[in-house]
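As provided, query_18.tsv (TSV, C-alpha atoms and all ligand atoms) reads as follows.
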chain	number	residue	atom	x	y	z
A	1	MET	CA	139.97	84.22	133.50
A	2	GLY	CA	137.95	81.45	131.91
A	3	LYS	CA	134.22	81.41	132.01
A	4	GLN	CA	132.34	80.21	135.07
A	5	VAL	CA	129.61	77.62	135.30
A	6	THR	CA	127.38	76.55	138.19
A	7	TYR	CA	126.46	72.89	138.49
A	8	GLU	CA	124.58	70.71	140.93
A	9	GLY	CA	126.40	67.45	141.57
A	10	VAL	CA	127.19	64.52	143.83
A	11	ILE	CA	130.82	63.84	144.73
A	12	LEU	CA	131.63	60.26	143.82
A	13	ARG	CA	135.43	60.24	143.87
A	14	LYS	CA	138.28	62.02	145.60
A	15	VAL	CA	141.74	61.47	144.21
A	16	PRO	CA	144.79	63.11	145.88
A	17	TYR	CA	146.90	65.02	143.39
A	18	ARG	CA	150.44	66.29	143.94
A	19	ASP	CA	151.16	67.31	147.57
A	20	HIS	CA	148.15	69.39	148.48
A	21	ASP	CA	145.62	69.17	145.70
A	22	LEU	CA	142.62	67.06	145.03
A	23	ILE	CA	140.77	65.93	141.94
A	24	LEU	CA	137.10	65.31	142.49
A	25	GLY	CA	134.96	63.03	140.38
A	26	VAL	CA	131.52	64.60	140.34
A	27	PHE	CA	128.34	63.39	138.71
A	28	THR	CA	126.48	66.56	137.79
A	29	LYS	CA	122.92	67.10	136.77
A	30	GLU	CA	123.89	69.52	133.98
A	31	ASP	CA	126.97	67.90	132.43
A	32	GLY	CA	127.12	64.30	133.68
A	33	LYS	CA	130.43	62.96	134.90
A	34	ILE	CA	133.19	65.57	135.28
A	35	SER	CA	136.59	65.95	136.96
A	36	VAL	CA	137.17	68.99	139.14
A	37	PHE	CA	140.54	70.30	140.25
A	38	VAL	CA	140.68	71.64	143.83
A	39	PRO	CA	144.06	73.31	144.45
A	40	GLY	CA	145.24	73.30	148.06
A	41	ALA	CA	142.29	71.19	149.27
A	42	ARG	CA	144.43	68.90	151.37
A	43	LYS	CA	146.52	71.72	152.85
A	44	SER	CA	143.64	73.68	154.25
A	45	THR	CA	140.21	72.19	154.81
A	46	LYS	CA	138.78	75.55	155.86
A	47	ARG	CA	137.67	76.73	152.49
A	48	PHE	CA	135.75	73.74	151.15
A	49	GLY	CA	136.13	71.14	153.93
A	50	PRO	CA	132.69	69.80	154.86
A	51	TYR	CA	131.32	70.43	151.39
A	52	LEU	CA	133.66	67.98	149.75
A	53	ASP	CA	132.55	64.80	151.50
A	54	LEU	CA	131.95	61.70	149.41
A	55	PHE	CA	128.30	61.31	148.41
A	56	ALA	CA	127.39	64.87	149.39
A	57	LYS	CA	125.12	66.75	147.00
A	58	VAL	CA	126.60	70.19	146.41
A	59	GLN	CA	126.35	73.22	144.22
A	60	LEU	CA	129.65	73.94	142.52
A	61	VAL	CA	130.88	77.13	140.93
A	62	LEU	CA	133.57	76.12	138.47
A	63	LYS	CA	136.06	77.95	136.34
A	64	ASP	CA	137.48	76.66	133.11
A	65	ALA	CA	141.16	76.26	133.99
A	66	GLY	CA	142.23	75.20	130.51
A	67	HIS	CA	143.51	71.79	129.41
A	68	LYS	CA	139.91	70.55	129.66
A	69	MET	CA	140.07	70.92	133.44
A	70	LEU	CA	137.50	72.65	135.62
A	71	GLN	CA	138.67	74.30	138.81
A	72	LEU	CA	136.53	74.68	141.92
A	73	GLN	CA	135.76	78.27	142.93
A	74	GLU	CA	132.94	77.98	145.42
A	75	THR	CA	130.74	75.31	146.83
A	76	SER	CA	127.60	75.10	148.92
A	77	LEU	CA	125.92	72.11	150.46
A	78	ILE	CA	122.53	70.95	149.18
A	79	ASP	CA	122.26	67.63	151.01
A	80	PRO	CA	125.07	65.82	152.87
A	81	TYR	CA	123.21	62.43	152.75
A	82	VAL	CA	124.83	61.65	156.10
A	83	VAL	CA	122.84	58.43	156.52
A	84	VAL	CA	124.86	56.82	153.74
A	85	ARG	CA	128.00	57.07	155.85
A	86	GLU	CA	126.36	55.83	159.03
A	87	SER	CA	126.58	52.14	158.22
A	88	LEU	CA	129.16	50.04	156.45
A	89	PHE	CA	126.40	48.43	154.46
A	90	SER	CA	125.01	51.61	152.91
A	91	LEU	CA	128.51	52.99	152.38
A	92	GLY	CA	129.50	49.77	150.64
A	93	PHE	CA	126.39	49.79	148.49
A	94	ALA	CA	126.82	53.46	147.54
A	95	THR	CA	130.50	52.84	146.72
A	96	TYR	CA	129.58	49.97	144.43
A	97	TYR	CA	126.75	51.93	142.77
A	98	ALA	CA	129.09	54.91	142.25
A	99	GLU	CA	131.75	52.72	140.68
A	100	CYS	CA	129.25	51.12	138.29
A	101	LEU	CA	127.95	54.53	137.29
A	102	TRP	CA	131.43	55.96	136.88
A	103	SER	CA	132.62	53.02	134.79
A	104	MET	CA	129.57	52.85	132.53
A	105	LEU	CA	129.25	56.51	131.55
A	106	ALA	CA	131.50	58.79	129.53
A	107	GLU	CA	132.49	62.29	130.69
A	108	HIS	CA	130.25	65.22	129.79
A	109	ASP	CA	127.31	62.98	129.00
A	110	PRO	CA	124.39	64.30	131.06
A	111	HIS	CA	121.63	61.96	132.30
A	112	VAL	CA	119.13	63.74	134.52
A	113	ASP	CA	117.27	60.44	135.13
A	114	ILE	CA	120.42	58.78	136.48
A	115	PHE	CA	121.21	61.86	138.58
A	116	GLU	CA	117.75	61.69	140.21
A	117	HIS	CA	118.12	57.93	140.67
A	118	LEU	CA	121.49	58.39	142.39
A	119	CYS	CA	120.04	61.04	144.76
A	120	SER	CA	117.06	58.86	145.58
A	121	MET	CA	119.33	55.86	146.28
A	122	LEU	CA	121.58	57.95	148.58
A	123	LYS	CA	118.58	59.26	150.45
A	124	ASN	CA	116.91	55.89	150.98
A	125	VAL	CA	119.54	53.17	150.93
A	126	SER	CA	120.04	53.04	154.70
A	127	GLN	CA	116.33	52.26	155.17
A	128	ASP	CA	116.32	49.81	152.27
A	129	LYS	CA	119.08	47.73	153.82
A	130	GLU	CA	116.84	44.69	154.35
A	131	ASN	CA	114.66	45.32	151.31
A	132	PHE	CA	116.47	43.10	148.84
A	133	ARG	CA	113.98	43.72	146.04
A	134	LYS	CA	114.70	47.44	146.33
A	135	LEU	CA	118.48	46.95	146.36
A	136	TYR	CA	118.20	44.77	143.26
A	137	GLU	CA	116.10	47.47	141.58
A	138	TYR	CA	118.68	50.18	142.33
A	139	GLU	CA	121.31	48.11	140.55
A	140	TYR	CA	119.15	46.89	137.71
A	141	GLN	CA	117.70	50.31	136.93
A	142	LEU	CA	121.14	51.94	136.97
A	143	ILE	CA	122.52	49.34	134.57
A	144	GLU	CA	119.48	49.75	132.33
A	145	MET	CA	119.67	53.57	132.32
A	146	CYS	CA	123.36	53.31	131.38
A	147	GLY	CA	122.29	51.49	128.24
A	148	TYR	CA	122.66	47.83	129.17
A	149	ASN	CA	119.65	45.62	129.31
A	150	PRO	CA	120.16	42.31	131.10
A	151	ASP	CA	117.23	40.04	130.31
A	152	PHE	CA	116.03	37.49	132.86
A	153	THR	CA	112.86	36.53	131.01
A	154	PHE	CA	113.62	35.51	127.43
A	155	CYS	CA	116.33	33.33	125.95
A	156	GLY	CA	119.05	35.46	124.34
A	157	GLU	CA	119.11	33.20	121.28
A	158	CYS	CA	115.62	31.91	120.40
A	159	LYS	CA	113.65	34.44	122.51
A	160	ALA	CA	111.56	31.72	124.16
A	161	SER	CA	110.47	32.53	127.70
A	162	VAL	CA	112.49	30.55	130.23
A	163	GLN	CA	111.49	28.81	133.45
A	164	GLY	CA	113.25	26.89	136.19
A	165	GLN	CA	116.99	26.86	136.76
A	166	VAL	CA	118.66	28.72	133.90
A	167	PHE	CA	122.02	29.89	132.70
A	168	PHE	CA	122.76	33.61	132.36
A	169	SER	CA	125.30	34.40	129.63
A	170	TYR	CA	127.43	37.52	130.23
A	171	GLY	CA	128.19	37.83	126.52
A	172	LYS	CA	124.51	37.69	125.51
A	173	GLY	CA	123.40	39.72	128.53
A	174	SER	CA	120.50	37.35	128.97
A	175	VAL	CA	119.30	34.02	130.22
A	176	MET	CA	119.58	31.05	127.85
A	177	CYS	CA	117.04	28.26	127.42
A	178	LYS	CA	118.23	24.67	127.80
A	179	THR	CA	118.27	24.12	124.02
A	180	CYS	CA	120.38	27.17	123.24
A	181	HIS	CA	122.67	26.98	126.28
A	182	ARG	CA	126.25	26.19	125.34
A	183	TYR	CA	129.56	26.63	127.08
A	184	ASP	CA	129.99	30.33	127.66
A	185	GLN	CA	130.98	32.75	130.41
A	186	GLY	CA	128.08	33.10	132.77
A	187	LEU	CA	126.40	31.79	135.88
A	188	MET	CA	123.52	29.46	136.74
A	189	ILE	CA	120.51	31.09	138.39
A	190	SER	CA	118.47	28.84	140.67
A	191	GLU	CA	114.81	28.08	140.02
A	192	GLN	CA	113.83	29.77	143.28
A	193	THR	CA	115.60	33.01	142.33
A	194	MET	CA	114.13	32.96	138.81
A	195	GLN	CA	110.65	32.63	140.30
A	196	MET	CA	111.22	35.53	142.68
A	197	LEU	CA	112.55	37.71	139.87
A	198	GLN	CA	109.65	36.95	137.57
A	199	ASN	CA	106.96	37.32	140.27
A	200	GLN	CA	108.00	40.92	141.01
A	201	GLY	CA	107.49	40.16	144.71
A	202	PRO	CA	109.92	40.29	147.63
A	203	LEU	CA	113.39	38.91	147.08
A	204	SER	CA	115.19	36.84	149.75
A	205	LYS	CA	118.69	37.76	150.86
A	206	LYS	CA	120.05	34.55	149.32
A	207	SER	CA	118.40	35.24	145.94
A	208	TYR	CA	119.50	38.86	146.02
A	209	GLU	CA	123.11	37.76	146.59
A	210	GLU	CA	122.81	35.32	143.73
A	211	ILE	CA	121.42	37.89	141.32
A	212	ARG	CA	123.85	40.56	142.47
A	213	GLU	CA	126.70	38.22	141.60
A	214	VAL	CA	125.24	37.87	138.10
A	215	LEU	CA	124.76	41.64	137.65
A	216	THR	CA	128.22	42.54	138.97
A	217	ASN	CA	129.92	39.97	136.77
A	218	PHE	CA	127.82	41.06	133.80
A	219	VAL	CA	128.89	44.70	134.29
A	220	SER	CA	132.55	43.71	134.77
A	221	TYR	CA	132.43	41.47	131.70
A	222	THR	CA	130.77	44.15	129.58
A	223	LEU	CA	133.25	46.83	130.66
A	224	GLY	CA	136.15	44.43	130.34
A	225	LYS	CA	137.38	45.07	133.85
A	226	GLN	CA	136.80	44.01	137.42
A	227	LEU	CA	135.07	46.58	139.62
A	228	LYS	CA	137.24	47.36	142.65
A	229	SER	CA	134.35	47.78	145.09
A	230	HIS	CA	132.98	44.32	144.31
A	231	ALA	CA	135.16	42.59	146.89
A	232	PHE	CA	134.48	45.27	149.49
A	233	ARG	CA	130.77	45.01	149.00
A	234	LYS	CA	130.77	41.25	149.14
A	235	GLY	CA	132.32	41.52	152.57
A	236	VAL	CA	129.75	43.87	154.08
A	237	SER	CA	126.45	42.46	152.93
A	301	ZN	ZN	116.75	29.46	123.37
Let me see whether you can do it: turn the structure in this file into structure tokens.
Ligand SMILES: [Zn+2]
Amino acid sequence: MGKQVTYEGVILRKVPYRDHDLILGVFTKEDGKISVFVPGARKSTKRFGPYLDLFAKVQLVLKDAGHKMLQLQETSLIDPYVVVRESLFSLGFATYYAECLWSMLAEHDPHVDIFEHLCSMLKNVSQDKENFRKLYEYEYQLIEMCGYNPDFTFCGECKASVQGQVFFSYGKGSVMCKTCHRYDQGLMISEQTMQMLQNQGPLSKKSYEEIREVLTNFVSYTLGKQLKSHAFRKGVS
């Protein structure tokens, strides 16, 4: 028998495998993103059932099953974060956040700061539903902690500080001043939204939607693929 490890993690993905098995995508505090094999999970829910819900924080006892695969031995619930699943909005937001996180990080690359950020988001997102500044911060901070640094203050070319309506370039990962702006993949950000972003104050729903579009496209562009949950999330907010 392979050696056992005990991790604390949040279940971010559940992928059916063969007839009765399941492969979980778990973001753990100790080892970052990992895949966990759960044999027979879909045949009998008795053994692990309620502890394998999406977005639940659990303690996992895992065995090295060879072929770089970890197999679930035991699990116990730390926090089910039930509130996340109580509204379509928070579920949609959490799904999008999870997909960004999953796409931006490599396996076995631990980030305790991102783990804490994820737990805090899951705990609070249902209350933050109307707090657009907070929702923007969840996204921005995640992207930043994953190593990307979208800049809404200085021109990506000449580094001058920008004001008014500006263009955000996905390739540069920053806003562009009017002198440096040339045809490129990106999106215009309105003057009103730029002001709200730079003032650090509350963000309106309209501005949040505008900036979310920029962030989502920036992440998709950077990763070279479209995030699946983008369309879902657009429909629920
Ligand atoms: Zn410039």
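Straight-line separation from CA of Ser90 in chain A to CA of Phe55 in chain A: 11.2 Å.
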Could you pull the residues within 6 Å of Val10 in chain A, counting all atoms listed in the file, minus those fewer than 3 positions along the same chain, as a list in words?
Val26, Phe27, Phe55, Ala56 and Lys57 of chain A
Which protein, DNA or RNA residues have an atom within 6 Å of ligand ZN 301 (chain A), counting only C-alpha atoms and all ligand atoms, as a ChimeraX atom specification?
/A:155,157-160,176-177,179-180
Compile the contact shell of range 198-210 of chain A as number ranges by chain: residues with an atom at most 12 Å away, counting only C-alpha atoms, same-chain residues fewer than 2 positions apart removed.
A: 129-140, 151-154, 161-164, 168, 187-196, 212-217, 233-237
List the neighbours of Val82 in chain A out to 10 Å using only C-alpha atoms; skip same-chain residues closer than 3 positions along the sequence, and give me the result as a list of chain:residue names.
A:Asp53, A:Leu54, A:Phe55, A:Ala56, A:Asp79, A:Arg85, A:Glu86, A:Ser87, A:Leu122, A:Lys123, A:Ser126
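Atom pair CA of Tyr17 in chain A / CA of Leu60 in chain A: separated by 19.4 Å.
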Find the residues near Asp19 in chain A: any atom within 12 Å, counting all atoms listed in the file, skip ones fewer than 5 places away on the same chain, and give them as a list of chain:residue names.
A:Val38, A:Pro39, A:Gly40, A:Ala41, A:Arg42, A:Lys43, A:Ser44
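Distance annotation: of A:Gly9, A:Phe218, A:Ile23, A:Ala106, the residue with the minimal separation from Tyr148 in chain A is A:Phe218; atom set is only C-alpha atoms.
Here CA of Leu88 in chain A and CA of Leu105 in chain A stand 25.7 Å from one another.
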For Tyr51 in chain A, find every residue with an atom within 10 Å (counting all atoms listed in the file), except residues of its own chain fewer than 6 positions away, and show them as a PyMOL selection string.
chain A and resi 11+45+57-60+74-80
